[in-house]
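Chemist: Provided herewith: query.txt, compact mmCIF, C-alpha atoms.
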```txt
# COMPACT_ATOMS: atom_id res chain seq x y z
CA MET A 60 0.00 0.00 0.00
CA LEU A 61 1.54 3.27 -1.13
CA LYS A 62 0.35 6.81 -0.66
CA ALA A 63 2.53 9.56 -2.03
CA HIS A 64 1.81 13.24 -2.36
CA PHE A 65 4.88 15.37 -2.88
CA LYS A 66 6.56 18.14 -4.82
CA LYS A 67 10.08 18.23 -6.16
CA GLU A 68 11.90 21.21 -7.63
CA LEU A 69 13.48 20.36 -10.95
CA PRO A 70 15.68 22.72 -12.99
CA THR A 71 12.91 23.81 -15.37
CA PHE A 72 9.67 23.04 -13.55
CA GLU A 73 8.16 21.83 -10.31
CA LEU A 74 7.00 18.25 -10.20
CA GLU A 75 3.84 17.52 -8.25
CA ILE A 76 2.45 14.08 -7.78
CA ASP A 77 -0.40 12.59 -5.79
CA ILE A 78 -0.76 8.85 -6.12
CA SER A 79 -2.18 6.01 -4.13
CA LEU A 80 -1.80 2.37 -4.94
CA SER A 81 -2.92 -0.68 -3.02
CA HIS A 82 -2.47 -3.45 -5.55
CA GLY A 83 -1.80 -4.05 -9.21
CA ILE A 84 0.35 -2.04 -11.55
CA LEU A 85 0.44 1.72 -11.76
CA ALA A 86 1.87 2.90 -15.04
CA LEU A 87 3.47 6.33 -15.24
CA VAL A 88 3.62 7.54 -18.84
CA GLY A 89 5.12 10.66 -20.28
CA PRO A 90 7.78 11.98 -22.61
CA SER A 91 11.40 11.88 -21.50
CA GLY A 92 12.21 14.69 -19.12
CA ALA A 93 8.69 14.65 -17.66
CA GLY A 94 10.00 13.63 -14.26
CA LYS A 95 9.01 9.96 -14.27
CA THR A 96 12.32 8.64 -12.98
CA THR A 97 12.46 11.42 -10.38
CA ILE A 98 9.15 10.18 -8.95
CA LEU A 99 10.50 6.63 -8.62
CA GLN A 100 13.74 7.87 -7.08
CA CYS A 101 11.84 10.01 -4.55
CA ILE A 102 9.70 7.03 -3.53
CA ALA A 103 12.77 4.81 -3.24
CA GLY A 104 14.68 7.42 -1.26
CA LEU A 105 17.38 8.04 -3.86
CA GLN A 106 16.19 11.66 -4.10
CA THR A 107 14.51 13.87 -1.53
CA PRO A 108 11.25 15.65 -2.37
CA SER A 109 11.09 19.35 -1.55
CA TRP A 110 7.65 19.03 0.08
CA GLY A 111 5.11 16.38 0.96
CA GLY A 112 4.82 12.90 2.35
CA ILE A 113 5.25 9.26 1.30
CA ASN A 114 3.64 6.39 3.19
CA ILE A 115 4.24 2.72 2.63
CA HIS A 116 1.87 0.40 4.50
CA ASP A 117 0.68 3.34 6.61
CA LYS A 118 4.22 3.99 7.75
CA ALA A 119 5.66 7.38 6.86
CA VAL A 120 8.97 6.92 5.02
CA PHE A 121 9.15 10.59 4.10
CA SER A 122 7.46 13.62 5.55
CA SER A 123 8.60 17.19 5.04
CA GLU A 124 6.41 18.22 7.99
CA ASP A 125 8.18 16.31 10.73
CA GLY A 126 11.46 15.72 8.90
CA THR A 127 11.06 11.95 8.52
CA ASN A 128 13.32 10.50 5.84
CA VAL A 129 13.75 6.75 6.20
CA PRO A 130 16.99 5.56 4.53
CA ILE A 131 16.63 3.60 1.30
CA ARG A 132 17.75 0.34 2.85
CA ASN A 133 14.86 0.39 5.34
CA ARG A 134 12.10 1.20 2.86
CA ARG A 135 11.72 -2.38 1.56
CA ILE A 136 11.39 -1.26 -2.02
CA GLY A 137 12.61 -3.21 -5.01
CA TYR A 138 13.97 -1.12 -7.87
CA VAL A 139 14.66 -2.25 -11.41
CA PHE A 140 16.80 0.34 -13.18
CA GLN A 141 16.42 1.38 -16.79
CA ASP A 142 19.75 -0.11 -17.81
CA TYR A 143 19.32 -2.84 -15.13
CA ALA A 144 22.42 -1.63 -13.23
CA LEU A 145 23.72 -5.16 -12.81
CA PHE A 146 27.08 -5.25 -11.06
CA PRO A 147 29.53 -6.00 -13.89
CA HIS A 148 32.16 -7.54 -11.60
CA MET A 149 29.82 -10.07 -10.04
CA SER A 150 28.36 -13.24 -11.50
CA VAL A 151 24.60 -13.53 -12.00
CA GLU A 152 24.36 -15.52 -8.78
CA LYS A 153 26.28 -12.93 -6.75
CA ASN A 154 24.16 -10.15 -8.25
CA VAL A 155 20.94 -11.87 -7.27
CA VAL A 156 22.08 -12.73 -3.78
CA TYR A 157 23.46 -9.22 -3.05
CA GLY A 158 20.26 -7.94 -1.49
CA LYS A 159 19.14 -11.12 0.23
CA PRO A 160 17.92 -10.18 3.71
CA LYS A 161 19.98 -11.58 6.55
CA LYS A 162 18.64 -14.55 8.44
CA GLY A 163 16.35 -13.62 11.26
CA SER A 164 14.68 -10.75 9.47
CA ASN A 165 10.93 -10.98 9.97
CA SER A 166 9.74 -12.00 6.57
CA ASN A 167 7.07 -14.51 5.76
CA LYS A 168 8.41 -15.40 2.34
CA VAL A 169 11.42 -17.63 2.48
CA LEU A 170 13.33 -17.34 -0.73
CA THR A 171 16.41 -19.22 -1.70
CA ILE A 172 18.68 -18.28 -4.55
CA THR A 173 17.75 -21.48 -6.37
CA ASN A 174 14.02 -20.70 -6.07
CA VAL A 175 14.47 -17.30 -7.56
CA LEU A 176 16.81 -18.40 -10.35
CA GLU A 177 14.37 -21.16 -11.28
CA MET A 178 11.42 -18.81 -11.17
CA PHE A 179 13.08 -16.57 -13.74
CA LYS A 180 14.53 -19.46 -15.75
CA ILE A 181 18.07 -18.16 -15.38
CA GLU A 182 19.61 -21.03 -13.44
CA HIS A 183 21.91 -21.91 -16.33
CA LEU A 184 23.34 -18.35 -16.20
CA ARG A 185 24.36 -18.64 -12.57
CA HIS A 186 28.10 -18.32 -13.16
CA ARG A 187 28.01 -15.94 -16.12
CA TYR A 188 28.83 -12.25 -15.91
CA PRO A 189 26.35 -9.52 -16.95
CA ASN A 190 28.13 -8.72 -20.21
CA GLN A 191 27.99 -12.38 -21.23
CA ILE A 192 24.17 -12.50 -21.28
CA SER A 193 21.49 -11.00 -23.53
CA GLY A 194 19.27 -7.98 -22.83
CA GLY A 195 16.25 -10.11 -21.97
CA GLU A 196 18.35 -12.25 -19.64
CA LYS A 197 19.77 -9.14 -17.95
CA GLN A 198 16.25 -7.98 -17.40
CA ARG A 199 15.33 -11.24 -15.70
CA VAL A 200 18.43 -11.06 -13.51
CA ALA A 201 17.51 -7.50 -12.51
CA PHE A 202 14.01 -8.70 -11.55
CA ALA A 203 15.38 -11.65 -9.64
CA ARG A 204 17.79 -9.40 -7.78
CA ALA A 205 15.06 -6.92 -6.84
CA LEU A 206 12.68 -9.66 -5.66
CA MET A 207 15.34 -11.39 -3.60
CA THR A 208 15.13 -8.48 -1.13
CA GLU A 209 11.48 -9.47 -0.52
CA PRO A 210 10.19 -5.96 -1.22
CA GLU A 211 6.74 -4.62 -0.41
CA LEU A 212 6.67 -2.45 -3.51
CA LEU A 213 8.45 -2.83 -6.82
CA LEU A 214 9.53 0.16 -8.91
CA LEU A 215 10.34 -0.41 -12.57
CA ASP A 216 12.08 2.28 -14.60
CA GLU A 217 11.43 1.60 -18.30
CA PRO A 218 12.35 -2.04 -17.79
CA LEU A 219 11.49 -3.10 -21.32
CA SER A 220 12.68 -0.15 -23.36
CA ALA A 221 16.05 -1.61 -24.35
CA LEU A 222 14.57 -4.86 -25.73
CA ASP A 223 13.46 -5.89 -29.19
CA HIS A 224 9.77 -6.22 -29.97
CA ASP A 225 9.41 -10.00 -29.49
CA THR A 226 11.32 -10.17 -26.22
CA ARG A 227 9.32 -7.21 -25.08
CA SER A 228 5.91 -8.84 -25.61
CA THR A 229 7.07 -12.02 -23.87
CA LEU A 230 8.37 -10.10 -20.91
CA GLN A 231 5.22 -7.98 -20.69
CA GLN A 232 3.23 -11.16 -20.20
CA GLU A 233 5.75 -12.45 -17.68
CA LEU A 234 5.54 -9.20 -15.80
CA LEU A 235 1.77 -9.48 -15.48
CA LYS A 236 2.09 -13.07 -14.33
CA LEU A 237 4.74 -12.12 -11.85
CA GLN A 238 2.65 -9.34 -10.39
CA ALA A 239 -0.29 -11.67 -9.94
CA GLN A 240 1.95 -14.26 -8.34
CA TRP A 241 3.86 -11.89 -6.10
CA GLN A 242 0.90 -9.82 -4.95
CA ILE A 243 2.79 -6.61 -4.30
CA PRO A 244 2.07 -3.31 -6.04
CA PHE A 245 4.28 -2.31 -8.98
CA ILE A 246 4.94 1.16 -10.31
CA LEU A 247 6.06 1.05 -13.90
CA VAL A 248 7.56 3.97 -15.76
CA THR A 249 7.32 3.95 -19.54
CA HIS A 250 7.25 6.38 -22.43
CA ASP A 251 5.15 3.93 -24.44
CA VAL A 252 1.40 4.58 -24.05
CA GLN A 253 0.53 1.20 -25.55
CA GLU A 254 2.70 -0.59 -23.04
CA ALA A 255 1.10 1.40 -20.22
CA GLU A 256 -2.32 0.26 -21.46
CA ILE A 257 -1.28 -3.38 -21.61
CA LEU A 258 0.31 -3.42 -18.18
CA GLY A 259 -1.31 -0.72 -16.08
CA ASP A 260 -4.28 -1.16 -13.81
CA GLN A 261 -3.98 2.55 -13.28
CA ILE A 262 -2.38 4.94 -15.73
CA ILE A 263 -1.05 8.36 -14.90
CA LYS A 264 0.15 10.64 -17.62
CA LEU A 265 2.78 13.20 -16.76
CA ASP A 266 3.61 16.37 -18.58
CA HIS A 267 5.86 19.09 -17.27
CA GLY A 268 5.50 17.82 -13.75
CA LYS A 269 1.72 17.77 -13.71
CA GLN A 270 -0.49 14.71 -13.49
CA GLU A 271 -2.63 15.22 -16.55
CA VAL A 272 -4.79 12.23 -17.29
CA ILE A 273 -5.69 9.55 -14.85
CA LYS A 274 -7.21 6.57 -16.45
CA LYS A 275 -8.42 3.65 -14.46
CA LEU A 276 -8.89 0.40 -16.26
CA ASN A 277 -10.52 -2.54 -14.65
CA LYS A 278 -9.22 -6.06 -15.02
CA ALA A 279 -11.86 -7.02 -17.60
CA GLN A 280 -10.88 -4.14 -19.83
CA ARG A 281 -7.27 -5.04 -19.47
CA ALA A 282 -7.92 -8.62 -20.44
CA SER A 283 -9.62 -7.52 -23.63
CA ILE A 284 -6.62 -5.50 -24.85
CA MET B 53 85.63 0.43 -6.39
CA GLU B 54 83.45 -2.51 -5.51
CA PHE B 55 79.77 -2.41 -6.50
CA SER B 56 77.41 -1.85 -3.60
CA TYR B 57 73.90 -3.22 -3.86
CA ILE B 58 72.80 -1.62 -0.58
CA PRO B 59 71.23 1.46 -2.30
CA ILE B 60 68.93 -0.91 -4.22
CA ILE B 61 67.69 -2.51 -1.00
CA LEU B 62 67.27 0.86 0.69
CA SER B 63 65.34 2.20 -2.30
CA LEU B 64 63.02 -0.81 -2.31
CA LYS B 65 62.44 -0.49 1.44
CA VAL B 66 61.61 3.21 1.08
CA ALA B 67 59.34 2.66 -1.93
CA VAL B 68 57.41 -0.23 -0.32
CA ALA B 69 56.90 1.68 2.94
CA ALA B 70 55.89 4.85 1.08
CA VAL B 71 53.41 2.98 -1.13
CA ILE B 72 51.79 1.35 1.91
CA ILE B 73 51.36 4.76 3.57
CA VAL B 74 50.11 6.36 0.35
CA THR B 75 47.64 3.54 -0.37
CA CYS B 76 46.17 3.52 3.12
CA SER B 77 45.75 7.29 3.15
CA SER B 78 44.77 8.05 -0.44
CA ILE B 79 41.87 5.58 -0.79
CA PRO B 80 39.75 6.97 2.07
CA ILE B 81 40.68 10.58 1.22
CA ALA B 82 39.97 10.13 -2.51
CA GLY B 83 36.72 8.29 -1.67
CA PHE B 84 35.63 11.16 0.54
CA MET B 85 36.64 13.87 -1.95
CA ALA B 86 34.94 12.10 -4.85
CA LYS B 87 31.62 11.76 -3.02
CA ARG B 88 31.26 14.85 -0.87
CA GLU B 89 30.88 18.54 -1.62
CA PHE B 90 31.97 21.01 1.02
CA TRP B 91 33.09 24.59 1.37
CA GLY B 92 36.76 25.04 0.52
CA LYS B 93 37.02 21.69 -1.29
CA ASP B 94 38.99 23.27 -4.13
CA VAL B 95 41.55 24.66 -1.69
CA VAL B 96 42.02 21.27 -0.01
CA GLU B 97 42.30 19.61 -3.41
CA SER B 98 44.96 22.12 -4.51
CA ILE B 99 47.01 21.55 -1.36
CA ILE B 100 46.83 17.76 -1.85
CA THR B 101 48.05 18.07 -5.44
CA LEU B 102 50.72 20.66 -4.70
CA PRO B 103 53.72 18.27 -4.33
CA LEU B 104 53.10 17.18 -7.93
CA VAL B 105 54.05 20.59 -9.30
CA LEU B 106 56.38 21.98 -6.64
CA PRO B 107 60.13 21.58 -7.18
CA PRO B 108 61.48 18.77 -4.96
CA SER B 109 63.72 21.28 -3.20
CA VAL B 110 60.65 23.20 -2.04
CA VAL B 111 59.04 20.00 -0.73
CA GLY B 112 62.34 19.10 0.96
CA PHE B 113 62.58 22.53 2.55
CA MET B 114 59.03 22.30 3.89
CA LEU B 115 59.61 18.80 5.25
CA LEU B 116 62.78 20.01 6.98
CA TYR B 117 60.81 22.87 8.48
CA PHE B 118 58.06 20.59 9.85
CA PHE B 119 60.17 17.59 10.85
CA GLY B 120 63.35 19.43 11.83
CA LYS B 121 64.60 19.52 15.42
CA ASN B 122 62.72 22.75 16.13
CA GLY B 123 59.85 22.16 13.72
CA PRO B 124 56.30 21.65 15.02
CA ILE B 125 56.20 17.90 14.28
CA GLY B 126 59.89 17.21 14.84
CA LYS B 127 59.72 18.71 18.32
CA LEU B 128 56.74 16.57 19.31
CA LEU B 129 58.38 13.39 18.02
CA GLU B 130 61.52 14.21 19.96
CA GLN B 131 59.65 14.93 23.20
CA TRP B 132 57.14 12.07 23.07
CA PHE B 133 58.93 9.28 21.30
CA HIS B 134 62.59 10.35 21.49
CA THR B 135 62.92 9.81 17.77
CA ARG B 136 63.97 12.04 14.96
CA ILE B 137 63.15 11.99 11.28
CA VAL B 138 65.89 14.10 9.72
CA PHE B 139 68.81 12.06 8.36
CA THR B 140 67.02 8.74 8.86
CA LEU B 141 65.40 6.29 6.47
CA ALA B 142 62.04 7.35 7.94
CA GLY B 143 62.72 10.80 6.50
CA ALA B 144 63.29 9.27 3.08
CA VAL B 145 60.00 7.36 3.41
CA ILE B 146 58.13 10.55 4.31
CA ALA B 147 59.66 12.44 1.38
CA ALA B 148 58.77 9.63 -1.03
CA ALA B 149 55.23 9.35 0.36
CA VAL B 150 54.61 13.09 0.08
CA VAL B 151 55.69 13.30 -3.57
CA ALA B 152 53.95 10.03 -4.54
CA PHE B 153 50.66 10.81 -2.78
CA PRO B 154 49.21 13.18 -5.43
CA LEU B 155 49.80 10.60 -8.20
CA MET B 156 47.95 7.89 -6.31
CA TYR B 157 45.26 10.30 -5.12
CA GLN B 158 44.51 11.61 -8.63
CA SER B 159 44.36 8.15 -10.09
CA VAL B 160 42.13 6.72 -7.36
CA LYS B 161 39.80 9.72 -7.31
CA ALA B 162 39.34 9.72 -11.09
CA SER B 163 38.55 6.02 -11.09
CA ILE B 164 36.10 6.29 -8.18
CA GLU B 165 34.33 9.14 -9.96
CA SER B 166 34.08 7.10 -13.13
CA VAL B 167 32.14 4.30 -11.42
CA ASP B 168 28.53 4.38 -12.66
CA GLN B 169 26.48 6.00 -9.90
CA ASN B 170 23.47 3.89 -10.85
CA LEU B 171 25.36 0.82 -9.66
CA GLU B 172 25.91 2.44 -6.27
CA LYS B 173 22.26 3.47 -6.17
CA ALA B 174 21.23 -0.07 -7.07
CA ALA B 175 23.30 -1.42 -4.17
CA ARG B 176 21.55 1.02 -1.82
CA THR B 177 18.11 -0.11 -2.99
CA LEU B 178 19.27 -3.66 -2.24
CA GLY B 179 19.77 -2.69 1.37
CA ALA B 180 23.50 -1.95 1.44
CA ARG B 181 24.91 0.61 3.85
CA GLU B 182 27.40 3.21 2.57
CA LEU B 183 30.48 1.27 3.69
CA ARG B 184 29.24 -1.92 2.02
CA VAL B 185 28.52 0.04 -1.18
CA PHE B 186 32.06 1.43 -1.09
CA PHE B 187 33.82 -1.88 -0.46
CA THR B 188 31.69 -4.15 -2.65
CA ILE B 189 30.81 -1.86 -5.59
CA THR B 190 32.87 1.32 -5.79
CA LEU B 191 36.29 -0.05 -4.85
CA PRO B 192 36.25 -3.22 -7.00
CA LEU B 193 35.06 -1.21 -10.03
CA ALA B 194 37.73 1.42 -9.43
CA TRP B 195 40.37 -1.32 -9.15
CA ASN B 196 42.11 -0.48 -12.44
CA GLY B 197 42.73 3.09 -11.36
CA ILE B 198 43.91 1.98 -7.94
CA VAL B 199 46.46 -0.44 -9.38
CA ALA B 200 47.65 2.14 -11.91
CA GLY B 201 48.06 4.69 -9.11
CA LEU B 202 49.87 2.14 -6.98
CA VAL B 203 52.41 1.35 -9.68
CA LEU B 204 53.00 5.01 -10.50
CA ALA B 205 53.38 5.84 -6.81
CA PHE B 206 55.88 3.00 -6.41
CA ALA B 207 57.92 4.17 -9.40
CA ARG B 208 57.82 7.78 -8.20
CA SER B 209 58.91 6.76 -4.68
CA LEU B 210 61.76 4.73 -6.10
CA GLY B 211 62.99 7.68 -8.14
CA GLU B 212 62.61 10.38 -5.49
CA PHE B 213 65.79 12.44 -5.24
CA GLY B 214 65.60 16.12 -4.25
CA ALA B 215 63.34 16.09 -1.21
CA THR B 216 64.94 12.86 0.02
CA LEU B 217 68.43 14.35 -0.19
CA MET B 218 67.33 17.37 1.83
CA ILE B 219 65.57 15.54 4.64
CA ALA B 220 67.42 12.21 4.77
CA GLY B 221 70.80 13.26 3.45
CA ASN B 222 73.38 11.05 1.80
CA ILE B 223 74.50 8.53 4.40
CA PRO B 224 75.85 5.41 2.62
CA GLY B 225 74.27 2.24 3.97
CA LYS B 226 71.69 4.23 5.90
CA THR B 227 69.84 6.77 3.77
CA GLN B 228 71.65 6.55 0.44
CA THR B 229 68.94 5.40 -1.99
CA MET B 230 69.55 4.56 -5.66
CA PRO B 231 69.04 8.01 -7.24
CA ILE B 232 71.24 9.61 -4.57
CA ALA B 233 73.91 6.92 -4.95
CA ILE B 234 73.92 7.54 -8.72
CA TYR B 235 74.41 11.27 -8.25
CA PHE B 236 77.25 10.94 -5.76
CA ALA B 237 78.94 8.05 -7.58
CA ASN B 238 79.01 10.18 -10.69
CA GLU B 239 80.30 13.19 -8.75
CA ALA B 240 83.06 11.03 -7.28
CA GLY B 241 83.98 9.71 -10.72
CA ASP B 242 82.83 6.16 -9.95
CA THR B 243 81.21 5.69 -13.35
CA ALA B 244 80.96 1.91 -13.03
CA GLN B 245 78.77 2.06 -9.92
CA ALA B 246 76.66 4.86 -11.44
CA THR B 247 76.20 2.99 -14.73
CA ILE B 248 74.99 -0.21 -13.12
CA LEU B 249 72.48 1.67 -10.97
CA VAL B 250 71.34 3.73 -13.97
CA ILE B 251 70.74 0.55 -15.97
CA ILE B 252 68.78 -1.03 -13.11
CA MET B 253 66.61 2.07 -12.67
CA THR B 254 65.96 2.41 -16.39
CA VAL B 255 65.09 -1.24 -16.91
CA PHE B 256 62.84 -1.23 -13.88
CA SER B 257 61.03 1.97 -14.95
CA PHE B 258 60.60 0.55 -18.45
CA LEU B 259 59.08 -2.63 -17.06
CA VAL B 260 56.69 -0.65 -14.88
CA ILE B 261 55.37 1.41 -17.79
CA TYR B 262 55.29 -1.56 -20.18
CA GLY B 263 53.54 -3.77 -17.64
CA LEU B 264 51.01 -1.07 -16.86
CA ASN B 265 50.15 -0.56 -20.53
CA ARG B 266 49.82 -4.29 -21.14
CA TRP B 267 47.70 -4.75 -18.07
CA GLY B 268 45.48 -1.82 -19.02
CA LYS B 269 44.82 -3.35 -22.45
CA ARG B 270 44.12 -6.79 -21.03
CA SER B 271 41.67 -5.58 -18.40
CA GLN B 272 39.71 -3.72 -21.09
CA ARG B 273 38.98 -7.07 -22.66
CA ASP B 274 38.05 -8.67 -19.35
CA PRO B 275 34.52 -10.15 -19.62
CA ARG B 276 33.69 -8.90 -16.19
CA GLY B 277 34.41 -5.35 -17.34
CA GLY B 278 36.32 -3.10 -14.99
CA THR B 279 38.10 -5.56 -12.73
CA ALA B 280 40.99 -7.92 -12.99
```
Taking this structure as input, can you express it in the form of structure tokens?

Modeler:
Amino acid sequence: MLKAHFKKELPTFELEIDISLSHGILALVGPSGAGKTTILQCIAGLQTPSWGGINIHDKAVFSSEDGTNVPIRNRRIGYVFQDYALFPHMSVEKNVVYGKPKKGSNSNKVLTITNVLEMFKIEHLRHRYPNQISGGEKQRVAFARALMTEPELLLLDEPLSALDHDTRSTLQQELLKLQAQWQIPFILVTHDVQEAEILGDQIIKLDHGKQEVIKKLNKAQRASI
Amino acid sequence: MEFSYIPIILSLKVAVAAVIIVTCSSIPIAGFMAKREFWGKDVVESIITLPLVLPPSVVGFMLLYFFGKNGPIGKLLEQWFHTRIVFTLAGAVIAAAVVAFPLMYQSVKASIESVDQNLEKAARTLGARELRVFFTITLPLAWNGIVAGLVLAFARSLGEFGATLMIAGNIPGKTQTMPIAIYFANEAGDTAQATILVIIMTVFSFLVIYGLNRWGKRSQRDPRGGTA
């Protein structure tokens, strides 16, 4: 459950966003430079909003009013970067296991590296390095790595933009399946309106820092696309 | 006159000690300077780099001032530890470390700055604290620059002459390093001794540069990208 209402000064305009998400996928669409990535980074804690508040599961992780600013590592947010940001000096296995919570952390999901690698069908890549695998495979590794932290919210920054058309359609379907299976809310940033329509349960269009169109699709509509 | 190999051993001792000091100090300082902005940063940066452009005699003079019998640091060392730096091998190590530091610092800082910040951000989103980010992401990816800096610092320490002569003097068997031995052997007309040392220094310096270039090319082709 995410509630975020904040402003952020950017060099040419002020970004203002007011979103709430309890389940499913929220797609943020807009041209490049519209502030989409900034929104994700503010939610994750990689950037600090200039005003407002962010709540995850009714817990304030950021509030300009009382000065709350929970560090990134305690926000329990998974983040898939646009270029995947896989660690080039670590094997696929070491990448995936990097964010594994330490034993004794109070989590109900018990994930092992083998589970996760199997789930994403990347077990055979275990000992390869990021520049020895394809774009689609990198994407899966990035997902596996983010989910290994057992996040309560997953942020995806244009995760499919670097892939060819076929891989992209396959992964779009996988993403939907994954969301249904994982049952945590996703926020997906994309510049592709069609992709937002395929994946988003909610769609928010951004232009010059303003939320312009909010379109809510129900599951039945989504299934018919 | 018989050939003395002692200057070679002294030079190696000085260079190894200086490189250890420079490595331990430059990595945290470069890491801090690459990541933080603060008032007066440019001034601090200029001071750190100064020994790179100052004539060795100026560095030597300053070191003598600070570490001399009546200098601020020299006095303290004398009172507290009953040791002195001037005309000892420790003086030669300090001189070598001071002139080699900027080389190592520049190299390490540039390579830390060139590490993709998204990778560091990704590590933070995966729950890593700043120290873990630095040791598991930043440092391994900056490894090439660190090794290059290390080799250059070692070569520079080995070749240090002016500042070393001023603070450590020319005491055969005690503070007479290779470059100093070459100078005084030549002055004394002992061409044989000078020639052998010159050949050793030249071959060694050539190997350092050659090895560094080769290694740089090889690590570019490394499948893991960035590290050796």

Chemist: Here is a test: counting only C-alpha atoms, which residue of B:Leu102, B:Ala174, B:Ile223, B:Ala244 is nearest to Phe146 in chain A?

Modeler: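 Nearest to Phe146 in chain A: B:Ala174.
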
Chemist: Please determine, counting all atoms listed in the file, which residue among A:Thr229, A:Thr173, A:Gln238, A:Gln106 has the shortest atom-to-atom distance to chain B.

Modeler: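 Checking each candidate against chain B, we get A:Gln106 as the closest.
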
Chemist: Go ahead and compute the interatomic distance for CA of Leu128 in chain B and CA of Val68 in chain B, in Å to one decimal.

Modeler: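 About the pair CA of Leu128 in chain B and CA of Val68 in chain B: they are 25.8 Å apart.
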
Chemist: Determine, counting all atoms listed in the file, every residue of protein, DNA or RNA that lies within 9 Å of (21.9, -13.1, -4.3) in the file coordinates, then give the result as a list in words.

Modeler: Val151, Glu152, Lys153, Asn154, Val155, Val156, Tyr157, Gly158, Lys159, Thr171, Ile172, Ala203, Arg204, Met207 and Thr208 of chain A

Chemist: Choose the residue, out of A:Phe245, A:Phe72, A:Phe140, A:Phe65, that has the smallest atom-to-atom separation from chain B; count only C-alpha atoms.

Modeler: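 So, comparing all the options, the nearest one is A:Phe140.
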
Chemist: Separation of CA of Ile252 in chain B and CA of Ile60 in chain B, in Å?

Modeler: 8.9 Å

Chemist: Counting all atoms listed in the file, what are the residues of chain A within 10 Å of chain B, and for each of them which pair of atoms is the nearest and at what distance in Å, to one decimal? Sort the table by chain and rising number, as a tab-separated table.

Modeler:
```
residue	atom	partner	partner_atom	distance
A:Gln100	CA	B:Lys173	CA	9.6
A:Ala103	CA	B:Thr177	CA	7.3
A:Gly104	CA	B:Thr177	CA	8.5
A:Leu105	CA	B:Lys173	CA	7.1
A:Pro130	CA	B:Arg176	CA	9.0
A:Ile131	CA	B:Thr177	CA	5.9
A:Arg132	CA	B:Gly179	CA	3.9
A:Asn133	CA	B:Gly179	CA	7.0
A:Arg134	CA	B:Thr177	CA	8.5
A:Arg135	CA	B:Gly179	CA	8.1
A:Ile136	CA	B:Thr177	CA	6.9
A:Gly137	CA	B:Thr177	CA	6.6
A:Tyr138	CA	B:Thr177	CA	6.5
A:Val139	CA	B:Ala174	CA	8.2
A:Phe140	CA	B:Ala174	CA	7.6
A:Gln141	CA	B:Asn170	CA	9.6
A:Asp142	CA	B:Asn170	CA	8.8
A:Tyr143	CA	B:Ala174	CA	8.7
A:Ala144	CA	B:Leu171	CA	5.2
A:Leu145	CA	B:Leu171	CA	7.0
A:Phe146	CA	B:Leu171	CA	6.5
A:Pro147	CA	B:Arg276	CA	5.6
A:His148	CA	B:Arg276	CA	5.0
A:Met149	CA	B:Arg276	CA	7.4
A:Ser150	CA	B:Arg276	CA	8.3
A:Asn154	CA	B:Ala175	CA	9.7
A:Val155	CA	B:Leu178	CA	9.8
A:Val156	CA	B:Leu178	CA	9.6
A:Tyr157	CA	B:Leu178	CA	7.0
A:Gly158	CA	B:Leu178	CA	4.5
A:Lys159	CA	B:Leu178	CA	7.9
A:Pro160	CA	B:Gly179	CA	8.1
A:Arg187	CA	B:Arg276	CA	9.0
A:Tyr188	CA	B:Arg276	CA	5.9
A:Pro189	CA	B:Arg276	CA	7.4
A:Asn190	CA	B:Pro275	CA	6.6
A:Gln191	CA	B:Pro275	CA	7.1
A:Ala201	CA	B:Ala174	CA	9.9
A:Arg204	CA	B:Leu178	CA	8.1
A:Ala205	CA	B:Leu178	CA	7.0
A:Leu206	CA	B:Leu178	CA	9.5
A:Met207	CA	B:Leu178	CA	8.8
A:Thr208	CA	B:Leu178	CA	6.5
A:Glu209	CA	B:Leu178	CA	9.9
A:Pro210	CA	B:Leu178	CA	9.4
```

Chemist: List every residue of range 74-126 of chain B that has an atom at most 12 Å from any atom of range 199-210 of chain B, and for each one report the closest atom pair and its distance in Å to one decimal, counting all atoms listed in the file, with rows sorted by chain and then by increasing residue number, as JSON lines.

Modeler:
```
{"residue": "B:Val74", "atom": "CA", "partner": "B:Ala205", "partner_atom": "CA", "distance": 7.9}
{"residue": "B:Thr75", "atom": "CA", "partner": "B:Leu202", "partner_atom": "CA", "distance": 7.1}
{"residue": "B:Cys76", "atom": "CA", "partner": "B:Leu202", "partner_atom": "CA", "distance": 10.8}
{"residue": "B:Ser78", "atom": "CA", "partner": "B:Gly201", "partner_atom": "CA", "distance": 9.9}
{"residue": "B:Ile79", "atom": "CA", "partner": "B:Gly201", "partner_atom": "CA", "distance": 10.4}
{"residue": "B:Ala82", "atom": "CA", "partner": "B:Gly201", "partner_atom": "CA", "distance": 11.8}
{"residue": "B:Pro103", "atom": "CA", "partner": "B:Arg208", "partner_atom": "CA", "distance": 11.9}
{"residue": "B:Leu104", "atom": "CA", "partner": "B:Arg208", "partner_atom": "CA", "distance": 10.5}
```

Chemist: Keeping only C-alpha atoms, write the selected residues to a file as a PDB file, in the frame of the given file.

Modeler:
```
ATOM      1  CA  VAL B  74      50.110   6.360   0.350  1.00  0.00           C
ATOM      2  CA  THR B  75      47.640   3.540  -0.370  1.00  0.00           C
ATOM      3  CA  CYS B  76      46.170   3.520   3.120  1.00  0.00           C
ATOM      4  CA  SER B  78      44.770   8.050  -0.440  1.00  0.00           C
ATOM      5  CA  ILE B  79      41.870   5.580  -0.790  1.00  0.00           C
ATOM      6  CA  ALA B  82      39.970  10.130  -2.510  1.00  0.00           C
ATOM      7  CA  PRO B 103      53.720  18.270  -4.330  1.00  0.00           C
ATOM      8  CA  LEU B 104      53.100  17.180  -7.930  1.00  0.00           C
TER       9      LEU B 104
END
```
